[in-house]
>>> print(open('final12.cif').read())   # mmCIF, C-alpha atoms
data_structure
#
loop_
_atom_site.label_atom_id
_atom_site.label_comp_id
_atom_site.auth_asym_id
_atom_site.auth_seq_id
_atom_site.Cartn_x
_atom_site.Cartn_y
_atom_site.Cartn_z
CA MET A 455 -10.74 8.76 20.91
CA SER A 456 -6.95 8.85 20.61
CA LYS A 457 -6.93 5.09 19.97
CA ILE A 458 -9.44 5.50 17.13
CA ALA A 459 -7.34 8.30 15.59
CA LEU A 460 -4.18 6.18 15.93
CA ASN A 461 -5.75 3.10 14.33
CA PHE A 462 -7.35 5.13 11.55
CA SER A 463 -4.04 6.85 10.73
CA ARG A 464 -2.19 3.55 10.91
CA TRP A 465 -4.57 1.77 8.52
CA PHE A 466 -4.97 4.72 6.17
CA VAL A 467 -1.23 5.31 5.83
CA GLY A 468 -0.34 1.61 5.69
CA VAL A 469 -2.91 0.68 3.04
CA LEU A 470 -2.18 3.78 0.95
CA PHE A 471 1.57 3.13 0.97
CA ILE A 472 1.04 -0.50 -0.04
CA PHE A 473 -1.42 0.50 -2.77
CA SER A 474 0.89 3.24 -4.08
CA GLY A 475 3.88 0.89 -4.08
CA LEU A 476 2.00 -1.90 -5.87
CA ILE A 477 0.57 0.42 -8.54
CA LYS A 478 4.02 1.76 -9.36
CA ALA A 479 5.66 -1.68 -9.09
CA ASN A 480 3.12 -2.86 -11.67
CA ASP A 481 4.92 -0.54 -14.12
CA PRO A 482 8.45 0.11 -12.81
CA LEU A 483 9.75 1.22 -16.19
CA GLY A 484 7.04 3.89 -16.37
CA PHE A 485 7.90 5.04 -12.83
CA GLY A 486 11.55 5.10 -13.90
CA TYR A 487 10.67 7.44 -16.78
CA LYS A 488 8.98 9.74 -14.26
CA LEU A 489 12.07 9.71 -12.02
CA GLN A 490 14.20 10.69 -15.01
CA GLU A 491 12.07 13.85 -15.34
CA TYR A 492 12.86 14.72 -11.73
CA PHE A 493 16.55 13.96 -12.27
CA GLU A 494 16.60 16.45 -15.15
CA VAL A 495 14.91 19.12 -13.02
CA PHE A 496 17.46 18.74 -10.22
CA HIS A 497 20.41 18.29 -12.63
CA LEU A 498 21.01 14.71 -11.50
CA ASN A 499 21.20 13.25 -14.99
CA PHE A 500 23.97 10.86 -13.91
CA LEU A 501 21.25 8.89 -12.09
CA SER A 502 19.12 8.39 -15.23
CA ASN A 503 20.75 5.07 -16.14
CA TRP A 504 19.72 3.70 -12.73
CA ALA A 505 16.21 5.19 -12.78
CA THR A 506 14.39 1.86 -13.15
CA GLY A 507 16.44 0.22 -10.41
CA ILE A 508 15.78 3.16 -8.09
CA ALA A 509 12.08 2.96 -9.03
CA ILE A 510 11.87 -0.70 -8.01
CA ILE A 511 13.67 0.00 -4.71
CA LEU A 512 11.30 2.87 -3.89
CA CYS A 513 8.28 0.70 -4.67
CA VAL A 514 9.57 -2.10 -2.46
CA LEU A 515 10.30 0.41 0.31
CA GLU A 516 6.75 1.79 0.16
CA ILE A 517 5.17 -1.68 0.26
CA VAL A 518 7.41 -2.97 3.06
CA LEU A 519 7.01 0.12 5.26
CA GLY A 520 3.24 0.10 4.73
CA ALA A 521 2.99 -3.59 5.60
CA LEU A 522 5.24 -3.28 8.67
CA LEU A 523 3.11 -0.37 9.91
CA LEU A 524 0.00 -2.56 9.66
CA PHE A 525 1.84 -5.44 11.35
CA GLY A 526 3.05 -3.06 14.06
CA PHE A 527 6.63 -4.37 13.84
CA TRP A 528 9.68 -2.21 14.69
CA ARG A 529 7.45 0.83 15.17
CA ASN A 530 10.28 3.23 15.92
CA GLN A 531 12.27 2.49 12.75
CA VAL A 532 9.16 2.15 10.57
CA THR A 533 7.62 5.50 11.57
CA LYS A 534 10.99 7.20 11.06
CA GLY A 535 11.27 5.62 7.61
CA LEU A 536 7.74 6.68 6.70
CA LEU A 537 8.43 10.20 7.93
CA ALA A 538 11.61 10.46 5.84
CA LEU A 539 9.80 9.16 2.74
CA ILE A 540 6.81 11.45 3.03
CA ILE A 541 9.00 14.52 3.61
CA PHE A 542 10.92 13.59 0.46
CA PHE A 543 7.73 13.02 -1.57
CA THR A 544 6.11 16.22 -0.25
CA PHE A 545 9.16 18.23 -1.31
CA LEU A 546 9.04 16.73 -4.82
CA THR A 547 5.32 17.34 -5.29
CA PHE A 548 5.65 20.92 -4.02
CA VAL A 549 8.44 21.63 -6.51
CA SER A 550 6.31 20.08 -9.29
CA ALA A 551 3.26 22.15 -8.34
CA ALA A 552 4.93 25.47 -7.57
CA PHE A 553 7.35 25.56 -10.49
CA LYS A 554 5.35 23.43 -12.99
CA VAL A 555 8.40 21.35 -13.84
CA VAL A 556 6.75 17.90 -13.82
CA THR A 557 3.09 17.83 -14.84
CA SER A 558 2.25 14.55 -13.08
CA CYS A 559 4.03 13.12 -10.05
CA GLY A 560 3.30 9.48 -10.90
CA CYS A 561 2.24 8.81 -7.27
CA PHE A 562 -0.24 6.18 -8.42
CA GLY A 563 1.31 5.50 -11.80
CA ASP A 564 -1.02 5.85 -14.78
CA ALA A 565 -3.89 4.23 -12.85
CA ILE A 566 -4.93 7.41 -11.02
CA PRO A 567 -3.38 10.51 -12.65
CA LEU A 568 -3.12 13.41 -10.21
CA THR A 569 -2.28 17.04 -10.87
CA PRO A 570 0.78 18.39 -9.02
CA TRP A 571 -1.38 20.33 -6.53
CA GLN A 572 -3.58 17.28 -5.90
CA SER A 573 -0.44 15.23 -5.25
CA PHE A 574 0.94 17.88 -2.90
CA THR A 575 -2.35 18.05 -0.96
CA LYS A 576 -2.39 14.26 -0.66
CA ASP A 577 1.17 14.26 0.67
CA LEU A 578 0.38 17.02 3.18
CA ILE A 579 -2.48 14.92 4.60
CA LEU A 580 -0.18 11.90 4.81
CA LEU A 581 2.53 14.03 6.43
CA VAL A 582 0.14 15.10 9.20
CA MET A 583 -0.93 11.50 9.80
CA ILE A 584 2.61 10.15 9.82
CA VAL A 585 3.78 12.88 12.22
CA TYR A 586 0.88 11.85 14.49
CA LEU A 587 1.94 8.19 14.21
CA PHE A 588 5.55 9.10 14.96
CA ILE A 589 4.58 11.06 18.09
CA HIS A 590 2.40 8.20 19.34
CA ARG A 591 4.54 5.35 17.99
CA ASN A 592 4.89 3.73 21.42
CA LYS A 593 1.14 3.04 21.40
CA ILE A 594 1.31 0.97 18.19
CA GLU A 595 0.71 -2.69 19.11
CA PRO A 596 2.29 -5.46 16.98
CA ILE A 597 0.15 -8.39 15.77
CA THR A 598 2.79 -10.71 17.26
CA THR A 599 5.74 -10.22 19.60
CA ASN A 600 7.49 -13.37 18.38
CA LEU A 601 10.72 -12.09 16.79
CA ALA A 602 11.08 -15.12 14.50
CA TRP A 603 7.60 -14.60 13.07
CA GLN A 604 8.22 -10.88 12.68
CA LYS A 605 11.31 -11.61 10.59
CA ARG A 606 9.46 -14.26 8.52
CA LEU A 607 6.56 -11.96 7.69
CA ALA A 608 8.87 -9.05 6.89
CA SER A 609 10.98 -11.30 4.64
CA ILE A 610 7.91 -12.59 2.80
CA VAL A 611 6.70 -9.05 2.08
CA LEU A 612 10.19 -7.91 1.02
CA ILE A 613 10.81 -10.86 -1.33
CA ALA A 614 7.28 -10.84 -2.80
CA SER A 615 7.33 -7.10 -3.55
CA LEU A 616 10.82 -7.31 -5.08
CA LEU A 617 9.88 -10.30 -7.27
CA PHE A 618 6.69 -8.53 -8.36
CA GLY A 619 8.64 -5.46 -9.53
CA LEU A 620 11.22 -7.59 -11.35
CA PHE A 621 8.50 -9.67 -13.02
CA THR A 622 6.58 -6.68 -14.38
CA TYR A 623 9.82 -5.08 -15.53
CA ASN A 624 10.74 -8.20 -17.53
CA PHE A 625 7.28 -9.26 -18.75
CA LEU A 626 5.17 -6.06 -19.05
CA PRO A 627 2.70 -4.67 -16.48
CA ILE A 628 0.03 -7.09 -15.27
CA LEU A 629 -2.57 -4.30 -15.42
CA ASP A 630 -2.12 -1.96 -18.38
CA PHE A 631 -3.50 1.53 -17.69
CA LEU A 632 -2.01 3.10 -20.81
CA PRO A 633 -4.04 3.90 -23.97
CA TYR A 634 -2.13 1.24 -25.94
CA LYS A 635 -3.49 -1.72 -23.98
CA ILE A 636 -4.68 -4.91 -25.68
CA GLY A 637 -8.16 -4.47 -27.16
CA SER A 638 -7.92 -0.70 -27.62
CA SER A 639 -8.27 0.97 -31.02
CA ILE A 640 -5.50 3.44 -31.76
CA PRO A 641 -7.50 5.43 -34.37
CA GLU A 642 -10.50 5.74 -32.01
CA SER A 643 -8.22 6.78 -29.13
CA MET A 644 -6.93 9.65 -31.28
CA LYS A 645 -10.40 11.08 -31.98
CA ILE A 646 -12.68 13.44 -30.08
CA PRO A 647 -16.13 11.75 -29.88
CA ASP A 648 -19.09 13.46 -31.50
CA GLY A 649 -20.54 16.07 -29.16
CA ALA A 650 -17.46 16.22 -26.93
CA THR A 651 -15.98 19.65 -26.27
CA PRO A 652 -12.31 20.13 -27.20
CA ASP A 653 -9.87 22.19 -25.15
CA GLU A 654 -10.32 25.95 -25.42
CA PHE A 655 -7.20 28.07 -25.83
CA LEU A 656 -6.35 31.75 -26.04
CA ILE A 657 -3.32 33.09 -27.87
CA MET A 658 -1.52 35.54 -25.57
CA TYR A 659 0.46 38.40 -27.12
CA GLN A 660 3.24 40.33 -25.39
CA LEU A 661 2.97 43.97 -26.46
CA LYS A 662 5.39 46.85 -26.06
CA ASN A 663 4.76 50.57 -26.56
CA LYS A 664 7.48 52.01 -28.79
CA ALA A 665 7.14 55.49 -27.31
CA THR A 666 6.84 54.80 -23.55
CA GLY A 667 8.37 51.35 -23.26
CA GLU A 668 5.23 50.15 -21.45
CA THR A 669 4.48 46.42 -21.80
CA LYS A 670 1.25 44.49 -21.45
CA THR A 671 -0.23 41.10 -22.25
CA LEU A 672 -3.41 40.69 -24.31
CA SER A 673 -5.31 37.70 -25.60
CA ASP A 674 -5.95 37.37 -29.31
CA LYS A 675 -9.64 38.17 -28.70
CA ASP A 676 -8.89 41.40 -26.83
CA TYR A 677 -6.20 42.31 -29.34
CA LEU A 678 -8.80 42.27 -32.12
CA LYS A 679 -11.70 43.62 -30.06
CA LEU A 680 -9.76 46.68 -28.83
CA GLU A 681 -8.22 47.13 -32.30
CA VAL A 682 -4.76 47.46 -30.80
CA TRP A 683 -3.32 46.36 -34.14
CA LYS A 684 -4.37 49.75 -35.59
CA ASP A 685 -2.16 51.64 -33.11
CA ASN A 686 1.34 51.85 -34.61
CA ASN A 687 2.80 52.66 -31.18
CA TRP A 688 2.20 49.07 -30.02
CA GLU A 689 4.20 46.18 -31.37
CA VAL A 690 4.13 42.44 -30.64
CA VAL A 691 7.38 41.25 -29.06
CA GLY A 692 8.52 37.65 -28.68
CA ASN A 693 6.45 34.65 -29.71
CA PRO A 694 2.72 34.38 -28.88
CA GLU A 695 1.93 31.82 -26.17
CA LYS A 696 -0.94 29.34 -26.11
CA LYS A 697 -2.94 29.44 -22.86
CA LEU A 698 -5.49 26.78 -21.85
CA VAL A 699 -8.63 28.52 -20.55
CA LYS A 700 -11.04 25.60 -20.43
CA LYS A 701 -10.24 21.90 -20.28
CA GLY A 702 -12.25 19.85 -22.74
CA TYR A 703 -12.37 16.17 -23.65
CA ASP A 704 -9.02 14.54 -22.97
CA VAL A 705 -8.01 12.58 -26.06
CA LYS A 706 -6.31 9.37 -24.97
CA ILE A 707 -3.65 9.48 -27.70
CA LYS A 708 -2.72 12.99 -28.83
CA ASP A 709 1.01 12.87 -29.55
CA LEU A 710 1.42 10.02 -32.04
CA LEU A 711 2.94 10.99 -35.38
CA ILE A 712 4.67 8.35 -37.48
CA ALA A 713 6.84 9.48 -40.39
CA ASP A 714 9.47 8.12 -42.75
CA ALA A 715 13.02 9.43 -43.04
CA SER A 716 11.92 12.31 -45.26
CA GLY A 717 9.20 13.42 -42.83
CA THR A 718 6.19 12.10 -44.77
CA ASP A 719 3.30 11.31 -42.42
CA TYR A 720 2.45 7.58 -42.43
CA THR A 721 0.39 7.54 -39.22
CA LYS A 722 -3.01 6.93 -40.82
CA GLU A 723 -1.70 4.31 -43.24
CA LEU A 724 0.03 2.28 -40.54
CA ILE A 725 -2.55 2.40 -37.76
CA GLU A 726 -5.58 1.86 -40.01
CA ASN A 727 -4.23 -1.15 -41.86
CA PRO A 728 -7.28 -3.48 -42.15
CA TYR A 729 -5.07 -6.58 -42.10
CA TYR A 730 -2.76 -8.03 -39.48
CA ASN A 731 0.47 -6.10 -39.18
CA LEU A 732 3.35 -6.28 -36.70
CA VAL A 733 4.78 -3.16 -35.09
CA VAL A 734 8.19 -3.49 -33.46
CA VAL A 735 8.84 -0.63 -31.02
CA ALA A 736 12.47 0.15 -30.23
CA TYR A 737 12.51 3.75 -29.06
CA ASP A 738 16.27 3.66 -28.37
CA LEU A 739 18.28 1.60 -30.86
CA LYS A 740 21.55 2.28 -29.04
CA ASN A 741 20.34 0.42 -25.95
CA THR A 742 17.93 -2.06 -27.50
CA ASN A 743 18.33 -5.84 -27.13
CA GLU A 744 19.89 -6.83 -30.45
CA HIS A 745 19.20 -10.54 -29.99
CA ALA A 746 15.49 -9.72 -29.66
CA ILE A 747 15.66 -7.50 -32.75
CA ALA A 748 17.16 -10.42 -34.69
CA GLU A 749 14.32 -12.67 -33.49
CA THR A 750 11.64 -10.19 -34.54
CA ASN A 751 13.39 -9.70 -37.87
CA ALA A 752 13.17 -13.45 -38.55
CA LEU A 753 9.54 -13.37 -37.43
CA ALA A 754 8.84 -10.51 -39.84
CA LEU A 755 10.44 -12.40 -42.73
CA ASN A 756 8.35 -15.54 -42.10
CA ALA A 757 5.16 -13.52 -41.64
CA ALA A 758 5.71 -11.72 -44.95
CA ASP A 759 6.64 -14.87 -46.88
CA GLN A 760 3.78 -17.04 -45.67
CA PHE A 761 0.96 -14.58 -44.92
CA ASN A 762 2.01 -11.34 -46.64
CA ILE A 763 1.99 -9.56 -43.27
CA ARG A 764 3.66 -6.16 -43.07
CA THR A 765 6.11 -5.45 -40.25
CA VAL A 766 7.43 -2.01 -39.35
CA LEU A 767 9.93 -0.84 -36.76
CA LEU A 768 9.26 2.42 -34.90
CA THR A 769 12.11 4.32 -33.30
CA SER A 770 12.93 7.81 -32.04
CA ASN A 771 16.55 7.67 -33.23
CA SER A 772 17.80 9.78 -36.11
CA ALA A 773 17.41 8.49 -39.66
CA LYS A 774 21.19 8.24 -39.94
CA ASP A 775 21.53 6.08 -36.82
CA ALA A 776 18.50 3.97 -37.78
CA ASP A 777 19.88 3.35 -41.27
CA ALA A 778 23.23 2.23 -39.84
CA PHE A 779 21.42 -0.04 -37.36
CA SER A 780 19.23 -1.48 -40.13
CA LYS A 781 22.25 -2.35 -42.24
CA LYS A 782 24.10 -3.83 -39.27
CA MET A 783 21.14 -6.06 -38.31
CA LYS A 784 20.14 -6.73 -41.96
CA LEU A 785 16.60 -5.69 -41.13
CA PHE A 786 13.79 -6.93 -43.34
CA MET A 787 11.19 -4.70 -41.68
CA GLU A 788 10.57 -1.09 -42.73
CA VAL A 789 11.78 1.66 -40.39
CA PHE A 790 9.62 4.63 -39.38
CA TYR A 791 10.08 7.41 -36.84
CA ALA A 792 8.07 8.77 -33.91
CA ASP A 793 8.69 10.72 -30.72
CA ALA A 794 10.07 8.72 -27.80
CA VAL A 795 7.17 9.63 -25.48
CA PRO A 796 4.38 7.74 -27.32
CA LEU A 797 6.77 4.89 -28.14
CA LYS A 798 7.53 4.42 -24.44
CA SER A 799 3.78 4.30 -23.79
CA MET A 800 3.09 1.76 -26.53
CA VAL A 801 5.00 -1.02 -24.84
CA ARG A 802 7.25 -1.02 -21.77
CA ALA A 803 10.12 -2.79 -23.50
CA ASN A 804 12.99 -1.98 -25.83
CA PRO A 805 12.12 -3.69 -28.11
CA GLY A 806 8.50 -4.66 -27.70
CA VAL A 807 6.08 -6.01 -30.30
CA LEU A 808 2.46 -5.10 -31.05
CA LEU A 809 0.12 -7.03 -33.33
CA LEU A 810 -2.48 -4.74 -34.93
CA LYS A 811 -5.53 -5.41 -37.07
CA ASN A 812 -7.61 -2.50 -38.34
CA GLY A 813 -5.93 -0.30 -35.75
CA VAL A 814 -6.91 -2.52 -32.81
CA ILE A 815 -4.12 -3.92 -30.62
CA VAL A 816 -4.78 -7.67 -30.57
CA GLY A 817 -1.45 -8.70 -29.06
CA LYS A 818 1.42 -7.11 -27.16
CA TRP A 819 4.68 -8.65 -25.97
CA HIS A 820 7.90 -7.86 -24.15
CA TYR A 821 10.92 -9.27 -25.95
CA HIS A 822 11.34 -11.74 -23.07
CA SER A 823 7.95 -13.29 -23.88
CA LEU A 824 7.94 -12.95 -27.67
CA PRO A 825 5.88 -15.79 -29.23
CA SER A 826 7.30 -17.95 -31.97
CA PHE A 827 6.12 -17.66 -35.55
CA ASN A 828 4.21 -20.94 -35.24
CA GLU A 829 2.41 -19.71 -32.11
CA LEU A 830 1.44 -16.46 -33.84
CA SER A 831 0.25 -18.16 -37.01
CA GLU A 832 -1.81 -20.77 -35.12
CA LYS A 833 -3.47 -18.21 -32.83
CA TYR A 834 -4.00 -15.38 -35.30
CA PHE A 835 -2.87 -15.72 -38.92
CA THR A 836 -4.54 -19.01 -39.88
CA LYS A 837 -7.95 -18.08 -38.40
#
>>> encode(input="final12.cif", output="structure tokens")
Amino acid sequence: MSKIALNFSRWFVGVLFIFSGLIKANDPLGFGYKLQEYFEVFHLNFLSNWATGIAIILCVLEIVLGALLLFGFWRNQVTKGLLALIIFFTFLTFVSAAFKVVTSCGCFGDAIPLTPWQSFTKDLILLVMIVYLFIHRNKIEPITTNLAWQKRLASIVLIASLLFGLFTYNFLPILDFLPYKIGSSIPESMKIPDGATPDEFLIMYQLKNKATGETKTLSDKDYLKLEVWKDNNWEVVGNPEKKLVKKGYDVKIKDLLIADASGTDYTKELIENPYYNLVVVAYDLKNTNEHAIAETNALALNAADQFNIRTVLLTSNSAKDADAFSKKMKLFMEVFYADAVPLKSMVRANPGVLLLKNGVIVGKWHYHSLPSFNELSEKYFTK
């Protein structure tokens, strides 16, 4: 019985660590964004510039430790490493759940979103299993006792996982789990389907009695039902808060608003363009690749001249900074503004390029794999 429990724990933990590491390594930049949220919570902002590098290292560590556990190599060091990692992850997920500081831990990237409490529960189960493995580590049998082969297999896993993370960082995720993946319609992703129930909210008021100093909280429904507003002794203090009481249909894209420098909303016009149009996403112009911006600018000029194709650049920078950048780079494309969060989800690159037609994403590229104008025209524009 103990052997069955040991093997089950070994396979469950090993496979889950490999799966978790691969899912996050598929999108290391996204995992890096999640780490930056944790850095802000713990006032470790000085680590933000290295977030993606740390993300890749953590992914590699998960994959390697999971694989070595399955191989049964260096059982003492591996179980200690797994124990240290799971204690660290359990602490993070508990902080997220208890204090509601990070709404999603990113344990399985965007492939399997988990709530903070679900993540914490998952880590507690893993913690129990890894403690069991650590206690009985001397019973773990390696698949080979040949030291040379152990080193070869460990090296293969280490190099392969590292190369995988570097590849997806430089050429976009292989599997795109975000709502802006190729083939998706942005306008449709922003709608609630017919018959679907939207989220239900209550507006919560903080009330204070002028005479007694007593305070209480009431929903907008109770506030009207009990006719508290007629009693001059009670006054609303602070700002009303919105409270989710029933989760409805989860709209895939709910935070996209594109505006010009004066704040005019251009979202509908840009995402529902019935013709081909290029969208260059550079959420941070201060750290964008300027050589790639110059390439996309030339691409935009050729596309406009030969096929009358509109190209826009989306950024989260201020209008002042964007105008200075536009003049510096002699940009031909129009500049519009959006929040950094949806821009980071659109494409994991700075800059990245999307090709839209009637709101559908028909092409998406990292600046390292940007196609030439001839390639674009042959594949899309001349058809």
>>> closest_residue(input="final12.cif", among="A:Leu616, A:Leu587, A:Ile610, A:Leu483", to="Glu516 in chain A", atoms="all atoms listed in the file")
A:Leu616
>>> resolve_selection(input="final12.cif", expression="the PyMOL selection byres ((chain A and resi 736) around 8)", output="number ranges by chain")
A: 734-735, 737-739, 742, 767-770, 797, 803-806
>>> residues_around(input="final12.cif", residues="Leu607 in chain A", least_positions_apart="5", cutoff="12 Å", atoms="all atoms listed in the file", output="mmCIF file with C-alpha atoms, keeping the file's coordinate frame")
data_model
loop_
_atom_site.group_PDB
_atom_site.id
_atom_site.type_symbol
_atom_site.label_atom_id
_atom_site.label_comp_id
_atom_site.auth_asym_id
_atom_site.auth_seq_id
_atom_site.Cartn_x
_atom_site.Cartn_y
_atom_site.Cartn_z
ATOM 1 C CA VAL A 518 7.410 -2.970 3.060
ATOM 2 C CA ALA A 521 2.990 -3.590 5.600
ATOM 3 C CA LEU A 522 5.240 -3.280 8.670
ATOM 4 C CA LEU A 524 0.000 -2.560 9.660
ATOM 5 C CA PHE A 525 1.840 -5.440 11.350
ATOM 6 C CA GLY A 526 3.050 -3.060 14.060
ATOM 7 C CA PHE A 527 6.630 -4.370 13.840
ATOM 8 C CA ILE A 597 0.150 -8.390 15.770
ATOM 9 C CA THR A 598 2.790 -10.710 17.260
ATOM 10 C CA ASN A 600 7.490 -13.370 18.380
ATOM 11 C CA LEU A 601 10.720 -12.090 16.790
ATOM 12 C CA ALA A 602 11.080 -15.120 14.500
ATOM 13 C CA LEU A 612 10.190 -7.910 1.020
ATOM 14 C CA ILE A 613 10.810 -10.860 -1.330
ATOM 15 C CA ALA A 614 7.280 -10.840 -2.800
#
>>> atom_distance(input="final12.cif", atom1="CA of Val555 in chain A", atom2="CA of Phe543 in chain A")
14.8 Å
>>> resolve_selection(input="final12.cif", expression="the PyMOL selection byres ((chain A and resi 571) around 10)", output="number ranges by chain")
A: 547-552, 554, 557-559, 568-570, 572-577
>>> residues_around(input="final12.cif", residues="range 662-668 of chain A", least_positions_apart="4", cutoff="9 Å", atoms="all atoms listed in the file", output="PyMOL selection string")
chain A and resi 686-691
>>> atom_distance(input="final12.cif", atom1="CA of Val611 in chain A", atom2="CA of Val514 in chain A")
8.8 Å
>>> closest_residue(input="final12.cif", among="A:Pro652, A:Pro596, A:Pro825, A:Pro482", to="Val807 in chain A", atoms="all atoms listed in the file")
A:Pro825
>>> residues_around(input="final12.cif", residues="Ile712 in chain A", least_positions_apart="4", cutoff="7 Å", atoms="only C-alpha atoms", output="count of residues only")
6
>>> atom_distance(input="final12.cif", atom1="CA of Val733 in chain A", atom2="CA of Val705 in chain A")
22.2 Å
>>> closest_residue(input="final12.cif", among="A:Gln760, A:Ser474, A:Ser780, A:Thr651", to="Ile566 in chain A", atoms="all atoms listed in the file")
A:Ser474
>>> closest_residue(input="final12.cif", among="A:Met658, A:His822, A:Lys645, A:Leu809", to="Lys670 in chain A", atoms="all atoms listed in the file")
A:Met658
>>> residues_around(input="final12.cif", residues="Leu512 in chain A", least_positions_apart="3", cutoff="10 Å", atoms="all atoms listed in the file", output="PyMOL selection string")
chain A and resi 475+478-479+482+485+506-509+515-518+539
>>> resolve_selection(input="final12.cif", expression="the PyMOL selection byres ((chain A and resi 727) around 12)", output="list in words")
Ser639, Ile640, Pro641, Tyr720, Thr721, Lys722, Glu723, Leu724, Ile725, Glu726, Pro728, Tyr729, Tyr730, Asn731, Leu732, Val733, Ile763, Arg764, Thr765, Val766, Leu809, Leu810, Lys811, Asn812, Gly813, Val814 and Ile815 of chain A
>>> closest_residue(input="final12.cif", among="A:Leu753, A:Phe779, A:Leu476, A:Ser609", to="Asn741 in chain A", atoms="all atoms listed in the file")
A:Phe779
>>> residues_around(input="final12.cif", residues="Tyr659 in chain A", least_positions_apart="6", cutoff="7 Å", atoms="all atoms listed in the file", output="list of chain:residue names")
A:Thr671, A:Leu672, A:Ser673, A:Asp674, A:Val690, A:Pro694, A:Glu695
>>> axis_aligned_box(input="final12.cif", around="range 459-473 of chain A", padding_each_side="5 Å", output="JSON")
{"center_x": -2.9, "center_y": 3.9, "center_z": 6.6, "size_x": 18.9, "size_y": 18.8, "size_z": 28.7}
>>> closest_residue(input="final12.cif", among="A:Ala776, A:Gly486, A:Leu470, A:Leu632", to="Pro567 in chain A", atoms="all atoms listed in the file")
A:Leu632
>>> build_atoms(input="final12.cif", residues="range 529-543 of chain A", atoms="N, CA and C atoms", output="PDB file, in the frame of the given file")
ATOM      1  N   ARG A 529       8.199  -0.415  15.325  1.00  0.00           N
ATOM      2  CA  ARG A 529       7.450   0.830  15.170  1.00  0.00           C
ATOM      3  C   ARG A 529       8.328   2.074  15.144  1.00  0.00           C
ATOM      4  N   ASN A 530       9.413   2.070  15.889  1.00  0.00           N
ATOM      5  CA  ASN A 530      10.280   3.230  15.920  1.00  0.00           C
ATOM      6  C   ASN A 530      10.959   3.456  14.572  1.00  0.00           C
ATOM      7  N   GLN A 531      11.576   2.383  14.037  1.00  0.00           N
ATOM      8  CA  GLN A 531      12.270   2.490  12.750  1.00  0.00           C
ATOM      9  C   GLN A 531      11.295   2.718  11.589  1.00  0.00           C
ATOM     10  N   VAL A 532      10.132   2.053  11.659  1.00  0.00           N
ATOM     11  CA  VAL A 532       9.160   2.150  10.570  1.00  0.00           C
ATOM     12  C   VAL A 532       8.577   3.564  10.479  1.00  0.00           C
ATOM     13  N   THR A 533       8.186   4.141  11.606  1.00  0.00           N
ATOM     14  CA  THR A 533       7.620   5.500  11.570  1.00  0.00           C
ATOM     15  C   THR A 533       8.668   6.525  11.139  1.00  0.00           C
ATOM     16  N   LYS A 534       9.921   6.307  11.526  1.00  0.00           N
ATOM     17  CA  LYS A 534      10.990   7.200  11.060  1.00  0.00           C
ATOM     18  C   LYS A 534      11.177   7.078   9.549  1.00  0.00           C
ATOM     19  N   GLY A 535      11.131   5.837   9.052  1.00  0.00           N
ATOM     20  CA  GLY A 535      11.270   5.620   7.610  1.00  0.00           C
ATOM     21  C   GLY A 535      10.117   6.237   6.834  1.00  0.00           C
ATOM     22  N   LEU A 536       8.899   6.081   7.343  1.00  0.00           N
ATOM     23  CA  LEU A 536       7.740   6.680   6.700  1.00  0.00           C
ATOM     24  C   LEU A 536       7.827   8.206   6.699  1.00  0.00           C
ATOM     25  N   LEU A 537       8.292   8.752   7.810  1.00  0.00           N
ATOM     26  CA  LEU A 537       8.430  10.200   7.930  1.00  0.00           C
ATOM     27  C   LEU A 537       9.454  10.735   6.927  1.00  0.00           C
ATOM     28  N   ALA A 538      10.568  10.043   6.793  1.00  0.00           N
ATOM     29  CA  ALA A 538      11.610  10.460   5.840  1.00  0.00           C
ATOM     30  C   ALA A 538      11.081  10.398   4.402  1.00  0.00           C
ATOM     31  N   LEU A 539      10.341   9.316   4.083  1.00  0.00           N
ATOM     32  CA  LEU A 539       9.800   9.160   2.740  1.00  0.00           C
ATOM     33  C   LEU A 539       8.780  10.235   2.398  1.00  0.00           C
ATOM     34  N   ILE A 540       7.863  10.492   3.333  1.00  0.00           N
ATOM     35  CA  ILE A 540       6.810  11.450   3.030  1.00  0.00           C
ATOM     36  C   ILE A 540       7.343  12.872   2.955  1.00  0.00           C
ATOM     37  N   ILE A 541       8.372  13.196   3.731  1.00  0.00           N
ATOM     38  CA  ILE A 541       9.000  14.520   3.610  1.00  0.00           C
ATOM     39  C   ILE A 541       9.640  14.668   2.234  1.00  0.00           C
ATOM     40  N   PHE A 542      10.291  13.604   1.782  1.00  0.00           N
ATOM     41  CA  PHE A 542      10.920  13.590   0.460  1.00  0.00           C
ATOM     42  C   PHE A 542       9.876  13.748  -0.637  1.00  0.00           C
ATOM     43  N   PHE A 543       8.782  12.958  -0.557  1.00  0.00           N
ATOM     44  CA  PHE A 543       7.730  13.020  -1.570  1.00  0.00           C
ATOM     45  C   PHE A 543       7.015  14.378  -1.558  1.00  0.00           C
TER      46      PHE A 543
END
